[in-house]
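Notes to accompany the following structure.
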Amino acid sequence: MDWLISYSVDKPGMVGRVLLLVSLTLLAIVALPSLWPDTFTGLHPLKVDTDPENMLSRDEPARVFHNEMKRAFSLYDMVVLGIVNEHHPDGVFNRDSLGRIYRLGEYAKTLSAPDPDQPGSRTGVVIGDIITPQDVDNIEQAGPGAVRFEWLMDRPPATDAEALAVREKARRIPFLDDTVISDDGAALALYIPLTSKDESYEVAGKLREMIAGFDGDERYYITGLPVSEDQFGVEMFIQMAVSAPLAMIVVSLLMFYFFKRVVLVAATMGVAMVSVIVAMGLLVATGNTVHIMSSMIPIFIMPIAVLDSIHILSEFFDRYDDSKDRRDTVTGVMDVLFRPMLFTSLTTAAGFLSLALTPIPPVQVFGLFVAIGVMVAWLVTITFIPACIMLMSRESLQGYGAAFTRNTGGKAPFITRLLAWTGRQTSVYARFVILGVSAASIVAVYGISQIVINDNPVRWFEPDHEIRVADRILNAHFGGTYMAYLALAAPDTDTSPVEYALALAARMETRRNAGTGAAAGSTGVYGLLQKEVLRLAGSAATRQELLQQLESFVDSRRGQRQEPADAWFDALLLIDRERQAGHVFKQPDALAYIKRLQQHLLTTGVVGKSNSVVDIVETVNRELHTGDEQDLRIPDSPDAVAQTMLTFQSGHRPQDLWHFVTPDFRTASIWVQMKSGDNRDMSRVVAAIDRFVAENPPPYALAHRWFGLNYLNVIWQEKMVNGMLYALSGSFVVVFLMMTLLFRSVLWGLLCMVPLSVTIGLMYGVIGLIGKDYDMPIAVLSSLSLGLAVDYAVHFVTRTRMLHDRTGSWSETIPLVFAEPARAITRNAVVNGVGFLPLLAAPLVPYQTVGLFIASILLMAGIATLVILPALITTLQGRVFRQAASGLQPDQA
Amino acid sequence: MKYSRISCSTVALIMTFVTAAVAADAQPESAAPSVEEIVNSSNCAAYYPGDSGRADVLIVIKDDKGGERMRQATMLRVDTDPDGCTTQKSYVYFHRPADLNKTAFLVWKNPDKVDDRWLYLPALDLVKRIADSDKRTSFVGSHYFYEDVTGRNINDDIHELVETTARHFVMKNTPKDPKSVEFTEYTVWIDRSNYIPMKVEYTDRSGAVYRVYEALTVETIQGHPTATRARISDSHIKGETTITFSNIRYDVELDEKVFAERYLRNPPRKYLQ
């Protein structure tokens with residue numbers, strides 16, 4: 001690779017031009033299709049993806065099931081609009097507030113338009129499934145022997161008394177209470193379903209416009225997952241546009257403080273820019289989306305890209321005064337640093353590449369493109385930085401370098417003195433250091449055992465963000481705004497059509513002999529039917545098909561035969577009965593089981609409310625009978641259940657039944673409203689139900705399975721935690737092998753792993769101790785710490801061994817290592833550590849977390865390297881330096 | 001500009017009649033009828049053929065996922081003002097599916113007040129009067145509303161003849177009380193030859209046609225043009241319902257006293273065969 005550096009030094013201008021060309025080309029490839037998508041159809045435009053569902057691959061079983069069920073139960077993503085009035089004693093239930101809410105509800109029904117992509121279908125609000133006071137049904141007693149179906153609020157109330165009547169009616173309907181109307185009777189929630197999540201931005205925007213024109217006391221809170229996601233997308237861009245550049249500015253200022261030359265600082269920033277542009281450009285150009293994960297790529301690439309430049313500049317800064325020759329100094333610096341830089345880049349890249357082993361697509365993409373960025377940064381650093389130094393005029397380097405300070409008789413800077421002191425102390429008190437580190441490790445292990453794995457996309461916003469505020473207020477009033485669904489499905493019956501036909505023929509025999517009612521004297525009909533059943537048994541593929549063919553047979557014979565019409569009709573009823581035996585969710589015992597599940601859900605402490613077909617059936621049953629609580633129960637027979645459902649479906653919204661049970665009555669869903677979106681709480685509910693089902697086996701061998709976005713979050717979290725563990729241990733091994741290869745020594749390889757292990761251990765130990773949730777950004781940071789912590793160790797060990805080869809003594813090596821090499825490490829730690837603190841100003845919590853932890857990792861890794869390694873080397877010097885002769889020689893590089 | 005009960009649908013469901021003369025009256029091109037005449041004639045043709053009637057009804061409800069449910073019933077109807085098209089009594093008795101067997105509805109259509117409705121649920125052994133509900137509620141879980149079955153009051157809308165084509169009078173109808181209904185307007189295509197509404201389109205608040213009634217088959221039975229097969233599709237409820245009438249007979253011997261609450265529990269079997 002010498003030729004590459006020689007070339008860069010010889011033709012520095014060319015290096016700059018090539019890099020400029022590559023960067024501009026990639027920018028163009030991304031910008032052109034993004035700005036003019038119709039002209040540049042062959043290229044991939046920039047696509048933002050804020051859908052947490054995409055954390056799972058499309059064919060992930062949990063996700064496939066989720067989408068199947070969403071379709072089966074006609075469930076949509078929703079904008080949730082919570083309305084609270086804290087000034088009026090009756091909350092929003094006064095004439096004026098409800099009047100405005102009515103207008104808002106009517107307005108929501110105008111937000112639907114023809115879909116330009118699919119002629120014939122509509123896009124926007126799904127009008128038929130909207131849930132507002134004027135679009136849900138009330139059913140109630142209307143005097144003796146009478147029942148009334150009506151819209152809950154068919155028009156805006158004319159008086160406050162009418163408004164209160166709306167409240168009283170709604171509270172009597174279990175489906176509405178705590179879902180549409182708050183339990184305290186002060187607030188309302190409107191649920192506005194969307195044809196697609198992508199519509200949420202526009203719909204929410206239009207609702208906000210309407211609300212802005214209102215002058216009442218009530219407050220409106222727009223929430224719901226699609227809205228949060230959109231908001232996240234917007235703020236993600238703000239972050240990329242503001243926080244990341246801000247971090248770059250701070251890094252630049254710190255570098256200027258250390259290296260004093262604008263050109264060199266600019267060159268370093270150039271390396272970071274080019275690396276980010278290439279990595280992100282390739283990401284977009286290859287058709288990948290900018291997801292919450294990939295939006296963090298620039299933040300991860302930047303410190304790594306800056307790292308190597310600081311090593312070079314630091315070395316150059318410290319050596320330049322000795323020779324005053326740019327070319328000689330640069331070549332000398334590169335000789336020393338080439339190999340450690342290559343290896344640290346490779347290990348860092350390997351760390352990120354290991355993320356490709358996780359089963360989460362956005363994390364895989366993230367790992368791959370950060371790894372690409374890291375290698376680009378390395379290539380650019382070793383060519384562009386030397387080239388830049390060559391391009392600087394001799395005059396501008398006048399007075400440059402550490403020796404200048406030394407020779408002018410000035411006092412050595414504080415940092416130099418501190419490092420020298422550290423070098424002396426760590427070797428003198430090596431045992432204490434090792435003891436201390438061991439103690440810290442024990443604490444770290446304890447801390448790690450305390451780690452709580454948890455995430456909650458709403459918490460990605462800051463506590464005072466409007467989404468978090470809405471979340472808090474609405475969950476204080478309602479049963480919960482976080483939705484998960486529990487599906488219960490009757491398994492397909494496994495008897496073969498032949499077996500079934502035999503059983504059916506036997507039942508016909510019984511019916512024929514019973515000879516009651518219409519079946520009396522119908523022996524002829526049943527005789528014919530029995531024959532037909534046995535004939536069809538061989539050909540029908542399923543029970544349903546057999547019954548269908550039997551019905552066709554009856555229809556075809558009905559008019560032509562001698563047998564009485566009544567007898568044929570009786571046969572049709574028998575066929576119906578056979579079919580309805582499979583309608584599991586008309587059976588009172590199946591419904592009773594759902595009810596028990598619902599009651600058990602409430603005992604978890606997380607679930608505030610649940611809705612199911614049982615709530616519908618019981619409510620209708622109550623109003624059909626006395627209207628009193630004692631009749632809020634499941635009817636006694638399947639027919640009575642069927643007729644209760646028929647009554648419900650005779651209201652304004654027959655379609656609502658199908659949100660809770662499929663039309664074949666073999667799958668039902670329970671809507672579970674939770675007050676918390678924490679994965680950990682969802683997991684708790686899942687575990688509670690698993691236990692309940694194990695202890696109370698359901699009738700009809702019903703199988704239970706969860707769906708809903710809150711549940712999907714749990715699935716990808718589990719995958720991520722396991723995946724990260726796998727990836728981390730994988731890259732641990734890879735890094736160790738590379739270290740062993742680099743130093744041709746297992747012992748040195750192991751030594752290098754120590755600061756890294758201590759850093760990661762301490763970091764996660766602290767997370768466990770302070771009770772910070774182990775969430776997505778924290779999980780990803782483990783790979784970053786792996787990559788960065790090893791960097792310092794590699795540089796430290798390489799230089800130690802080179803210097804030891806020269807001096808032949810560890811005690812003489814210590815002051816040398818704690819001079820320039822330690823300074824480079826310290827500068828790196830300070831520049832990057834402080835440089836990433838501006839991320840704390842980002843509006844999104846994951847970025848703040850990343851900023852804080854990058855800073856901590858760098859600091860911790862720097863300290864770990866400079867304190868632990870010398871202590872260990874001191875203790876093990878007899879063993880480690882025995883092999884040193886076969887180690888790395890400067891001239892080999 | 002008055003018209004009203006075009007309400008679509010089930011033309012035949014209620015089977016009566018007013019005057020066969022209406023159909024026979026099919027206007028020659030020259031003598032254009034007034035809006036009021038069109039509205040009245042269509043209402044009578046759709047909901048009042050003959051003085052009474054009976055029919056077997058097959059209701060097929062399709063959801064948007066391909067699922068299908070069926071109901072079989074018999075409908076009886078008697079007009080209570082033989083001279084006009086304002087009042088009638090009807091009785092719907094369900095045969096199938098088995099778990100709805102013997103379920104029955106009774107409707108008295110009143111001239112100036114809301115209809116009286118009763119419901120019998122055999123498995124719950126309950127007869128319930130349905131109090132002053134609006135009529136745009138689903139008919140037994142189908143995409144038809146009660147109003148589609150019994151006819152919308154012609155005085156509830158403002159009617160405009162927007163076009164006269166070779167075959168149809170095209171009427172636009174706007175509700176007088178927009179808050180009482182879920183549509184903003186509906187347009188009816190009335191066959192000029194027999195005043196049978198052939199198609200109705202309902203528009204929602206977003207301006208979309210979300211609900212469509214279509215007469216699929218029109219047959220002349222005992223001299224009365226009758227939509228024997230018709231369909232309503234509804235993109236809000238999602239899916240569609242097709243109703244087919246068979247064994248239609250008009251001017252049948254029906255004792256008006258069977259259209260009473262007590263007959264819900266004890267159906268008049270001889271009329272239901």
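Ordering of the structure tokens sets the chain letters (A, B, ...); residue numbers start at 1 within each chain; ligands are numbered from 1 in the order shown.
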Per-residue nearest contacts chain A to chain B, cut-off 6 Å, using only C-alpha atoms, as a tab-separated table:
residue	atom	partner	partner_atom	distance
A:Lys109	CA	B:Arg205	CA	5.9
A:Thr110	CA	B:Ser206	CA	3.8
A:Ser112	CA	B:Ser206	CA	5.7
A:Gly128	CA	B:His236	CA	3.9
A:Gly145	CA	B:Lys128	CA	5.3
A:Ala146	CA	B:Arg129	CA	4.3
A:Val147	CA	B:Ile130	CA	5.1
A:Arg148	CA	B:Ala131	CA	4.9
A:Phe149	CA	B:Ser133	CA	5.6
A:Glu150	CA	B:Ser133	CA	5.9
A:Leu573	CA	B:Ala98	CA	5.2
A:Asp576	CA	B:Ala98	CA	5.6
A:Asp639	CA	B:Asp99	CA	4.8
A:Ala640	CA	B:Ala123	CA	4.7
A:Gln649	CA	B:Gly141	CA	4.5
A:Ser650	CA	B:Ser138	CA	4.6
A:Gly651	CA	B:Thr137	CA	4.9
A:His652	CA	B:Thr137	CA	4.4
A:Pro654	CA	B:Gly141	CA	5.4
A:Gln655	CA	B:Ile237	CA	5.6
How about saving the chosen residues, C-alpha atoms kept, as a PDB file, in the first residue's frame?
ATOM      1  CA  LYS A 109     -66.055  12.653   7.114  1.00  0.00           C
ATOM      2  CA  THR A 110     -65.123  15.006   4.303  1.00  0.00           C
ATOM      3  CA  SER A 112     -61.627  11.228   1.781  1.00  0.00           C
ATOM      4  CA  GLY A 128     -67.663   3.753   7.569  1.00  0.00           C
ATOM      5  CA  GLY A 145     -91.671  -3.671  25.735  1.00  0.00           C
ATOM      6  CA  ALA A 146     -89.857  -1.237  23.494  1.00  0.00           C
ATOM      7  CA  VAL A 147     -86.249  -0.801  22.458  1.00  0.00           C
ATOM      8  CA  ARG A 148     -84.639   2.082  20.632  1.00  0.00           C
ATOM      9  CA  PHE A 149     -81.683   2.208  18.233  1.00  0.00           C
ATOM     10  CA  GLU A 150     -80.292   5.637  17.589  1.00  0.00           C
ATOM     11  CA  LEU A 573     -82.621 -26.700   8.610  1.00  0.00           C
ATOM     12  CA  ASP A 576     -77.927 -25.239   8.549  1.00  0.00           C
ATOM     13  CA  ASP A 639     -79.660 -19.279  18.701  1.00  0.00           C
ATOM     14  CA  ALA A 640     -80.276 -16.610  21.298  1.00  0.00           C
ATOM     15  CA  GLN A 649     -76.641  -5.689  13.207  1.00  0.00           C
ATOM     16  CA  SER A 650     -80.046  -4.108  12.730  1.00  0.00           C
ATOM     17  CA  GLY A 651     -78.514  -0.853  13.930  1.00  0.00           C
ATOM     18  CA  HIS A 652     -76.693   1.797  11.899  1.00  0.00           C
ATOM     19  CA  PRO A 654     -73.791  -3.755  11.152  1.00  0.00           C
ATOM     20  CA  GLN A 655     -70.140  -3.797  10.094  1.00  0.00           C
TER      21      GLN A 655
END
task: Report as an NGL selection string: the residues of range 6-189 of chain B with a DSSP assignment of alpha helix (DSSP H), based on the backbone of this structure.
output: :B and (20-24 or 35-47 or 146-150)
Those in range 158-386 of chain A with strand (DSSP E) from DSSP, as a PyMOL selection string: chain A and resi 187-193+219-223+290-291
task: Please indicate the distance in Å from CA of Arg558 in chain A to CA of Val57 in chain B, rounded to one decimal place.
output: 16.7 Å
query: Near Asp79 in chain B, within 10 Å and counting only C-alpha atoms, which residues show up once chain neighbours fewer than 3 positions away are dropped, as a list in words?
result: Ile14, Met15, Thr16, Phe17, Val18, Tyr47, Tyr48, Pro49, Gly50, Asp51, Ser52, Gly53, Pro82, Asp83, Gly84, Cys85, Thr86, Thr87, Gln88, Lys89, Ser90, Trp108, Lys109, Asp251 and Glu256 of chain B
- request: With a distance cut-off of 10 Å and only C-alpha atoms, select the neighbouring residues of Tyr263 in chain B, excluding the residue or stretch itself and same-chain residues fewer than 6 positions from it, and output the selection as a PyMOL selection string.
  value: chain B and resi 91+104+106+120+257
Contacts of Pro838 in chain A within 9 Å, only C-alpha atoms, excl. fewer than 6 positions in-chain, as a list in words: Ser243, Ala244, Leu246, Ala247, Val250, Gln848 and Gly851 of chain A
Output C-alpha atoms of each residue in that selection to a file, as a CSV table (one decimal), in the first residue's frame.
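After the write, part_14.csv holds the following:
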chain,number,residue,atom,x,y,z
A,243,SER,CA,-27.7,18.2,15.5
A,244,ALA,CA,-25.2,16.4,13.3
A,246,LEU,CA,-23.6,21.1,15.2
A,247,ALA,CA,-21.6,18.1,16.4
A,250,VAL,CA,-17.8,21.4,18.0
A,848,GLN,CA,-29.7,12.1,23.0
A,851,GLY,CA,-24.8,11.4,22.0
- request: Skip Asp157 in chain B itself and residues of its chain fewer than 6 positions away, then list as an MDAnalysis selection string all residues within 6 Å of it, counting only C-alpha atoms.
  value: chainID B and resid 4 173:176
For those residues, write N, CA and C atoms to a file as an mmCIF file, in the first residue's frame.
data_model
loop_
_atom_site.group_PDB
_atom_site.id
_atom_site.type_symbol
_atom_site.label_atom_id
_atom_site.label_comp_id
_atom_site.auth_asym_id
_atom_site.auth_seq_id
_atom_site.Cartn_x
_atom_site.Cartn_y
_atom_site.Cartn_z
ATOM 1 N N SER B 4 -90.540 11.969 -3.344
ATOM 2 C CA SER B 4 -90.011 11.394 -2.200
ATOM 3 C C SER B 4 -89.958 9.949 -2.308
ATOM 4 N N ASN B 173 -82.110 14.332 -5.375
ATOM 5 C CA ASN B 173 -82.900 14.470 -4.163
ATOM 6 C C ASN B 173 -82.019 14.930 -3.017
ATOM 7 N N THR B 174 -82.417 16.027 -2.388
ATOM 8 C CA THR B 174 -81.607 16.581 -1.300
ATOM 9 C C THR B 174 -82.436 16.557 -0.020
ATOM 10 N N PRO B 175 -81.863 16.005 1.064
ATOM 11 C CA PRO B 175 -82.666 15.902 2.294
ATOM 12 C C PRO B 175 -82.980 17.275 2.872
ATOM 13 N N LYS B 176 -84.203 17.409 3.397
ATOM 14 C CA LYS B 176 -84.566 18.688 4.020
ATOM 15 C C LYS B 176 -83.848 18.839 5.358
#
field: Spatial neighbours of range 686-697 of chain A, 10 Å, only C-alpha atoms, chain gap at least 6 places, as number ranges by chain
entry: A: 486, 593, 596-598, 600-601, 603-604, 680, 703-706, 711, 714
Output C-alpha atoms of each residue in that selection to a file, as a tab-separated table (two decimals), in the first residue's frame.
chain	number	residue	atom	x	y	z
A	486	LEU	CA	-55.78	-11.01	21.19
A	593	TYR	CA	-64.35	-17.94	28.00
A	596	ARG	CA	-63.06	-14.65	31.59
A	597	LEU	CA	-60.03	-13.71	29.52
A	598	GLN	CA	-61.18	-10.09	29.57
A	600	HIS	CA	-58.19	-11.70	33.70
A	601	LEU	CA	-56.65	-9.00	31.49
A	603	THR	CA	-55.92	-8.08	36.77
A	604	THR	CA	-52.57	-7.45	35.04
A	680	ARG	CA	-42.09	-4.81	29.10
A	703	ALA	CA	-55.77	-21.14	19.98
A	704	HIS	CA	-54.77	-17.69	21.17
A	705	ARG	CA	-52.33	-15.39	19.46
A	706	TRP	CA	-51.55	-11.70	19.78
A	711	TYR	CA	-47.19	-6.67	20.27
A	714	VAL	CA	-42.18	-6.86	21.64
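CA of Glu578 in chain A lies 8.0 Å from CA of Leu547 in chain A.
Among the candidate residues A:Met255, A:Ala31, A:Val617, A:Ile360, the one lying nearest to Val641 in chain A is A:Val617, with distances computed using only C-alpha atoms.
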- request: Would you please work out which residue, of A:Ser427, A:Thr542, A:Gln364, A:Gln549, is nearest to Ile814 in chain A when using only C-alpha atoms?
  value: A:Ser427
